[in-house]
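Working notes, beginning with the structure itself.
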Amino acid sequence: MLVHSAGRGPLTLQPANRLCIRGEPTTLGSLRPPELPGEGPVAVVSDDVRVQLATAVALFNTGRRGLVLPSDRLTPRTEPILRSAGYSLVFTATGEVVWGSDLETKCGVALLTSGTTGPPKLYVHGWDSLSTHPAGLPPRHWLQTYSPGTYAWYQLVTLWMFAPSQALTLGPSDPIDRLEAAAQHGVNAISCTPSFWRYVFLGAPKGLFERLDLVQLTLGGERVDQEILNQLAKTFPQARISHIYASTEVGASLVVHDGREGFPATWVGQPRPGRPELRIEDGILYVRSPFAAEGTDRWHRTGDRVERKGDRMVIVGREDEGMLNVGGRKASRTHLEQTIGQHPDVVWCRVYTRRSPISGSVVAADVVPRHAVEDQEAFGESLALFCRGRDLADWSIPRFWNLKEQIPMGTNFKASR
């Protein structure tokens with residue numbers, strides 16, 4: 001099957017592109033695609049990474065509409081969505097096929113949203129909207145860090161499927177173990193979330209970073225702040241650092257390479273050939289993208305709040321994160337977390353409210369310190385003193401500080417809310 005991608009000609013598989021799965025080398029061309037029953041859309045349920053990758057290749061080769069579905073994504077929330085859309089479930093471990101459908105559809109790749117901000121939704125992308133890499137990429141060996149079947153996963157998988165001289169390594173589940181695999185197998189490019197690196201910086205063994213010869217670091221999936229950009233630039237001075245704003249709905253919409261938080265303010269309202277258009281209304285980012293999923297609004301309201309800081313537009317949080325209600329007074333959750341996060345001994349924090357018999361509610365915070373803390377009470381007092389020096393209202397400063405050893409991780413190594 002050939003798919004024409006704007007400005008790059010047809011997409012064609014690269015059977016010689018290398019693949020390393022838990023230390024075992026192979027190639028794209030050696031994967032055995034699963035049998036896809038019927039004619040309608042299919043959801044291939046598997047936790048075998050070889051089957052997941054082979055399914056992507058099979059969907060492209062056959063022109064079928066379908067999705068890669070790890071077993072933990074088949075839940076009481078997602079099953080009715082697939083059933084109503086006419087998808088056949090294919091369980092590759094058992095050979096079982098359920099529901100069954102001969103519904104005729106166009107080709108495409110289906111993706112389920114995570115459901116963290118509402119019910120999961122099903123979106124369909126074309127191969128050209130998933131494969132957004134430019135032509136003429138230099139040879140790269142990528143580390144896959146994202147959950148199978150997600151938009152970010154497909155960004156790397158399509159790079160490996162269609163771009164010449166691109167290799168892919170899949171390693172263990174723990175971020176540090178993945179970097180150990182990356183060092184062992186010659187990975188020189190990594191795409192992941194900022195939280196992935198924050199987790200690693202807390203516990204990486206001595207000498208690990210020196211064994212990584214990285215030339216490309218790409219960040220996405222979460223807000224990218226200047227602190228993590230600076231830390232990566234200091235740790236890997238030879239690497240180009242990029243950050244991407246992307247979503248299942250509109251695809252990859254912003255790509256920034258200059259090492260600065262946010263994106264140039266001049267990009268707003270200025271059409272750029274072949275790139276998404278941006279506008280801001282009432283502080284919310286809207287995107288019109290050539291890489292959007294089928295049926296997405298012409299102008300998509302992202303729900304991300306944006307502020308202008310000098311010559312940059314900076315994403316400061318989600319509108320649905322809401323405000324904290326503290327005894328009838330409102331405090332910005334994002335502002336509190338960003339303020340506490342500026343403390344030199346804080347790697348990550350999350351603020352919330354706790355019930356109080358006196359005022360009804362008070363602010364509390366989960367905090368991951370940069371170093372081991374012997375006196376937790378004294379550390380909490382130092383954080384409160386730091387907040388008072390940042391012009392925060394006294395009632396908005398956390399009264400309870402819960403110290404954690406590691407950042408709690410959710411899907412795709414995003415920090416859990």
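Chain identifiers are assigned as A, B, and so on, following the order in which chains appear in the structure tokens; residues are numbered from 1 within each chain, and ligands are numbered from 1 in order of appearance.
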Kindly assemble as a Markdown table a list of the range 130-232 of chain A residues that lie within 9 Å of range 57-78 of chain A, each paired with its nearest atom pair and their distance in Å to one decimal, using only C-alpha atoms, sorted first by chain and then by ascending residue number.
| residue | atom | partner | partner_atom | distance |
| --- | --- | --- | --- | --- |
| A:Ser147 | CA | A:Pro70 | CA | 8.6 |
| A:Pro148 | CA | A:Pro70 | CA | 6.7 |
| A:Gly149 | CA | A:Val68 | CA | 4.9 |
| A:Thr150 | CA | A:Val68 | CA | 8.5 |
| A:Met161 | CA | A:Val57 | CA | 7.6 |
Could you list, with a cut-off of 12 Å and counting only C-alpha atoms, the residues of range 195-306 of chain A near range 344-363 of chain A, each shown with its nearest atom pair and the distance in Å rounded to one decimal, rows sorted by chain and ascending number, as a tab-separated table?
residue	atom	partner	partner_atom	distance
A:Ser195	CA	A:Trp348	CA	8.7
A:Phe196	CA	A:Trp348	CA	11.9
A:Trp197	CA	A:Val347	CA	10.7
A:Arg198	CA	A:Val347	CA	7.0
A:Tyr199	CA	A:Val347	CA	8.9
A:Val200	CA	A:Val347	CA	11.2
A:Phe201	CA	A:Val347	CA	9.2
A:Leu202	CA	A:Val347	CA	8.3
A:Gly203	CA	A:Val347	CA	12.0
A:Asp225	CA	A:Trp348	CA	11.9
A:Glu227	CA	A:Val347	CA	9.9
A:Ile228	CA	A:Val347	CA	9.8
A:Gln231	CA	A:Val347	CA	11.6
If you run DSSP over the backbone, which residues in range 298-347 of chain A end up strand (DSSP E)? Put them as a PDB file with N, CA and C atoms, in the first residue's frame.
ATOM      1  N   HIS A 300      -9.759  23.608  16.498  1.00  0.00           N
ATOM      2  CA  HIS A 300      -9.933  22.762  17.680  1.00  0.00           C
ATOM      3  C   HIS A 300      -9.562  23.531  18.949  1.00  0.00           C
ATOM      4  N   ARG A 301     -10.495  23.556  19.894  1.00  0.00           N
ATOM      5  CA  ARG A 301     -10.242  24.190  21.193  1.00  0.00           C
ATOM      6  C   ARG A 301      -9.484  23.193  22.069  1.00  0.00           C
ATOM      7  N   THR A 302      -8.222  23.470  22.345  1.00  0.00           N
ATOM      8  CA  THR A 302      -7.369  22.491  23.021  1.00  0.00           C
ATOM      9  C   THR A 302      -7.647  22.385  24.518  1.00  0.00           C
ATOM     10  N   GLY A 303      -8.148  23.458  25.136  1.00  0.00           N
ATOM     11  CA  GLY A 303      -8.333  23.455  26.582  1.00  0.00           C
ATOM     12  C   GLY A 303      -7.078  23.811  27.354  1.00  0.00           C
ATOM     13  N   ASP A 304      -5.992  24.143  26.647  1.00  0.00           N
ATOM     14  CA  ASP A 304      -4.747  24.543  27.311  1.00  0.00           C
ATOM     15  C   ASP A 304      -4.696  26.067  27.443  1.00  0.00           C
ATOM     16  N   ARG A 305      -4.359  26.515  28.659  1.00  0.00           N
ATOM     17  CA  ARG A 305      -4.266  27.949  28.926  1.00  0.00           C
ATOM     18  C   ARG A 305      -2.868  28.457  28.556  1.00  0.00           C
ATOM     19  N   VAL A 306      -2.841  29.615  27.891  1.00  0.00           N
ATOM     20  CA  VAL A 306      -1.593  30.167  27.374  1.00  0.00           C
ATOM     21  C   VAL A 306      -1.427  31.603  27.861  1.00  0.00           C
ATOM     22  N   GLU A 307      -0.198  31.962  28.240  1.00  0.00           N
ATOM     23  CA  GLU A 307       0.116  33.330  28.655  1.00  0.00           C
ATOM     24  C   GLU A 307       1.305  33.834  27.850  1.00  0.00           C
ATOM     25  N   ARG A 308       1.289  35.141  27.583  1.00  0.00           N
ATOM     26  CA  ARG A 308       2.435  35.740  26.893  1.00  0.00           C
ATOM     27  C   ARG A 308       3.465  36.190  27.916  1.00  0.00           C
ATOM     28  N   LYS A 309       4.714  35.786  27.696  1.00  0.00           N
ATOM     29  CA  LYS A 309       5.835  36.186  28.537  1.00  0.00           C
ATOM     30  C   LYS A 309       6.940  36.696  27.623  1.00  0.00           C
ATOM     31  N   ARG A 312       7.467  35.243  23.989  1.00  0.00           N
ATOM     32  CA  ARG A 312       7.051  33.836  23.958  1.00  0.00           C
ATOM     33  C   ARG A 312       5.617  33.675  24.419  1.00  0.00           C
ATOM     34  N   MET A 313       4.974  32.639  23.906  1.00  0.00           N
ATOM     35  CA  MET A 313       3.698  32.181  24.422  1.00  0.00           C
ATOM     36  C   MET A 313       3.963  30.890  25.190  1.00  0.00           C
ATOM     37  N   VAL A 314       3.534  30.857  26.444  1.00  0.00           N
ATOM     38  CA  VAL A 314       3.841  29.735  27.321  1.00  0.00           C
ATOM     39  C   VAL A 314       2.552  29.061  27.756  1.00  0.00           C
ATOM     40  N   ILE A 315       2.496  27.738  27.619  1.00  0.00           N
ATOM     41  CA  ILE A 315       1.355  26.961  28.103  1.00  0.00           C
ATOM     42  C   ILE A 315       1.493  26.801  29.609  1.00  0.00           C
ATOM     43  N   VAL A 316       0.511  27.281  30.359  1.00  0.00           N
ATOM     44  CA  VAL A 316       0.627  27.321  31.816  1.00  0.00           C
ATOM     45  C   VAL A 316      -0.249  26.296  32.521  1.00  0.00           C
ATOM     46  N   GLY A 317      -1.085  25.577  31.797  1.00  0.00           N
ATOM     47  CA  GLY A 317      -1.913  24.567  32.454  1.00  0.00           C
ATOM     48  C   GLY A 317      -3.195  24.316  31.686  1.00  0.00           C
ATOM     49  N   ARG A 318      -3.998  23.413  32.226  1.00  0.00           N
ATOM     50  CA  ARG A 318      -5.273  23.054  31.630  1.00  0.00           C
ATOM     51  C   ARG A 318      -6.395  23.835  32.293  1.00  0.00           C
ATOM     52  N   MET A 323      -9.636  25.463  40.021  1.00  0.00           N
ATOM     53  CA  MET A 323      -9.080  26.229  41.130  1.00  0.00           C
ATOM     54  C   MET A 323      -9.304  25.460  42.425  1.00  0.00           C
ATOM     55  N   LEU A 324      -8.444  25.700  43.385  1.00  0.00           N
ATOM     56  CA  LEU A 324      -8.636  25.139  44.717  1.00  0.00           C
ATOM     57  C   LEU A 324      -9.576  26.032  45.513  1.00  0.00           C
ATOM     58  N   ASN A 325     -10.559  25.434  46.160  1.00  0.00           N
ATOM     59  CA  ASN A 325     -11.482  26.177  47.017  1.00  0.00           C
ATOM     60  C   ASN A 325     -11.007  26.010  48.456  1.00  0.00           C
ATOM     61  N   VAL A 326     -10.499  27.084  49.021  1.00  0.00           N
ATOM     62  CA  VAL A 326      -9.922  27.048  50.369  1.00  0.00           C
ATOM     63  C   VAL A 326     -10.767  27.930  51.273  1.00  0.00           C
ATOM     64  N   ARG A 329     -12.320  30.770  49.445  1.00  0.00           N
ATOM     65  CA  ARG A 329     -11.394  31.581  48.647  1.00  0.00           C
ATOM     66  C   ARG A 329     -10.746  30.706  47.583  1.00  0.00           C
ATOM     67  N   LYS A 330     -10.432  31.308  46.427  1.00  0.00           N
ATOM     68  CA  LYS A 330      -9.930  30.556  45.283  1.00  0.00           C
ATOM     69  C   LYS A 330      -8.422  30.731  45.133  1.00  0.00           C
ATOM     70  N   ALA A 331      -7.741  29.621  44.864  1.00  0.00           N
ATOM     71  CA  ALA A 331      -6.300  29.648  44.599  1.00  0.00           C
ATOM     72  C   ALA A 331      -6.017  28.850  43.334  1.00  0.00           C
ATOM     73  N   SER A 332      -5.110  29.356  42.510  1.00  0.00           N
ATOM     74  CA  SER A 332      -4.761  28.673  41.263  1.00  0.00           C
ATOM     75  C   SER A 332      -3.855  27.488  41.566  1.00  0.00           C
ATOM     76  N   VAL A 346      13.201  21.002  45.199  1.00  0.00           N
ATOM     77  CA  VAL A 346      11.961  20.335  44.801  1.00  0.00           C
ATOM     78  C   VAL A 346      12.055  19.912  43.340  1.00  0.00           C
ATOM     79  N   VAL A 347      11.794  18.632  43.092  1.00  0.00           N
ATOM     80  CA  VAL A 347      11.789  18.112  41.731  1.00  0.00           C
ATOM     81  C   VAL A 347      10.389  18.178  41.132  1.00  0.00           C
TER      82      VAL A 347
END
Please run DSSP on the backbone and report, as JSON, numbers by chain, all residues within range 53-82 of chain A that come out as alpha helix (DSSP H). {"A": [53, 54, 55, 56, 57, 58, 59, 60, 61, 62, 79, 80, 81, 82]}
With only C-alpha atoms as the counted atoms, please give the residues lying no more than 12 Å from Val42 in chain A, apart from itself and same-chain residues fewer than 3 positions off, as a compact mmCIF listing (two decimals) with C-alpha atoms, in the first residue's frame.
# COMPACT_ATOMS: atom_id res chain seq x y z
CA PRO A 34 -1.24 -11.22 12.54
CA GLU A 35 -4.19 -12.48 10.52
CA LEU A 36 -6.95 -9.89 10.40
CA PRO A 37 -10.42 -11.49 10.09
CA GLY A 38 -13.33 -10.15 8.10
CA GLU A 39 -13.44 -6.87 6.24
CA VAL A 45 -5.62 -6.96 21.65
CA THR A 55 -0.20 -5.08 13.61
CA ALA A 56 0.74 -1.53 12.64
CA ALA A 58 -0.36 -5.17 8.71
CA LEU A 59 -2.87 -2.31 8.92
CA THR A 62 -3.88 -4.18 3.96
CA GLY A 63 -5.45 -0.73 4.07
CA ARG A 64 -7.64 -1.83 6.99
CA ARG A 65 -8.92 0.44 9.72
CA GLY A 66 -7.86 -0.74 13.15
CA LEU A 67 -6.09 -0.11 16.39
CA VAL A 68 -3.40 -1.60 18.60
CA LEU A 69 -4.91 -2.29 22.00
CA LEU A 82 -15.42 -0.13 20.31
CA ARG A 83 -18.60 -2.21 20.19
CA ALA A 85 -18.15 1.59 16.33
CA GLY A 86 -18.35 -1.93 14.90
CA TYR A 87 -14.84 -3.13 15.75
CA SER A 88 -14.00 -6.83 15.83
CA LEU A 89 -11.80 -7.75 18.79
CA VAL A 90 -8.90 -10.01 17.89
CA PHE A 91 -7.16 -11.64 20.85
CA THR A 92 -3.85 -12.78 19.38
CA VAL A 97 -12.39 -13.13 17.64
CA VAL A 98 -15.45 -11.53 19.22
CA TRP A 99 -18.26 -9.27 18.05
CA GLY A 100 -17.36 -9.53 14.40
CA SER A 101 -18.22 -6.92 11.81
CA ASP A 102 -18.17 -6.56 8.05
CA LEU A 103 -18.79 -2.84 8.27
CA GLU A 104 -17.03 -1.18 5.36
CA THR A 105 -14.62 1.57 6.36
CA CYS A 107 -8.28 2.82 5.87
CA GLY A 108 -6.89 4.50 8.94
CA VAL A 109 -5.47 4.07 12.41
CA ALA A 110 -7.80 4.32 15.39
CA LEU A 111 -6.61 5.72 18.72
I'd like the neighbourhood of Gly221 in chain A as a VMD selection string, where a residue qualifies if any of its atoms comes within 8 Å (using only C-alpha atoms), though same-chain residues fewer than 3 positions away should be ignored. chain A and resid 152 192 to 193 244 to 247 412 414
Between A:Gly274, A:Leu403, A:Leu392, A:Thr296, single out the one closest to Gln376 in chain A, counting only C-alpha atoms. A:Leu403
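Of the listed residues A:Arg32, A:His243, A:His141, A:Arg390, the one whose atoms come nearest to Val187 in chain A is A:His141, with distances taken using only C-alpha atoms.
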Taken to one decimal, the CA of Leu31 in chain A-CA of Arg50 in chain A distance is 7.1 Å
Distance in Å - CA of Trp142 in chain A versus CA of Pro276 in chain A: 25.4 Å
At a cut-off of 8 Å, using only C-alpha atoms, what residues contact range 123-128 of chain A? Leave out same-chain residues fewer than 4 positions from it and give the result as number ranges by chain. A: 3-6, 11, 60, 107-113, 132, 248-249, 291-294
Selected residues written out with C-alpha atoms, as a PDB file, in the first residue's frame:
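Wrote it out as out-v1.pdb, contents follow:
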ATOM      1  CA  VAL A   3       0.027   6.619   1.044  1.00  0.00           C
ATOM      2  CA  HIS A   4       0.936  10.051  -0.261  1.00  0.00           C
ATOM      3  CA  SER A   5       2.155  12.416   2.446  1.00  0.00           C
ATOM      4  CA  ALA A   6       2.161  16.127   1.648  1.00  0.00           C
ATOM      5  CA  LEU A  11       5.050   6.510   2.319  1.00  0.00           C
ATOM      6  CA  PHE A  60      -0.747  -0.286   6.521  1.00  0.00           C
ATOM      7  CA  CYS A 107      -8.275   2.820   5.868  1.00  0.00           C
ATOM      8  CA  GLY A 108      -6.885   4.503   8.941  1.00  0.00           C
ATOM      9  CA  VAL A 109      -5.472   4.066  12.413  1.00  0.00           C
ATOM     10  CA  ALA A 110      -7.795   4.322  15.388  1.00  0.00           C
ATOM     11  CA  LEU A 111      -6.614   5.722  18.719  1.00  0.00           C
ATOM     12  CA  LEU A 112      -8.345   5.836  22.093  1.00  0.00           C
ATOM     13  CA  THR A 113      -7.742   8.866  24.279  1.00  0.00           C
ATOM     14  CA  THR A 132       4.796  13.937  10.392  1.00  0.00           C
ATOM     15  CA  THR A 248      -4.684  12.747  19.642  1.00  0.00           C
ATOM     16  CA  GLU A 249      -7.185  15.214  18.168  1.00  0.00           C
ATOM     17  CA  PHE A 291      -2.441  16.531  10.866  1.00  0.00           C
ATOM     18  CA  ALA A 292      -5.788  16.407  12.703  1.00  0.00           C
ATOM     19  CA  ALA A 293      -7.851  13.264  13.167  1.00  0.00           C
ATOM     20  CA  GLU A 294     -10.958  12.653  11.073  1.00  0.00           C
TER      21      GLU A 294
END
Close residues, range 153-158 of chain A itself excluded, 7 Å, only C-alpha atoms, min 6 positions apart in chain, as a compact mmCIF listing (two decimals) with C-alpha atoms, in the first residue's frame:
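The resulting file, selection.txt, is reproduced below:
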# COMPACT_ATOMS: atom_id res chain seq x y z
CA LEU A 130 0.55 10.13 12.01
CA SER A 131 3.79 10.27 10.07
CA GLN A 144 10.52 3.86 22.44
CA TYR A 146 5.41 5.54 25.01
CA SER A 147 2.45 3.24 25.64
Could you jot down the CA of Gln342 in chain A to CA of Glu381 in chain A separation for me, Å, one decimal place?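 CA of Glu381 in chain A lies at a distance of 15.7 Å from CA of Gln342 in chain A.
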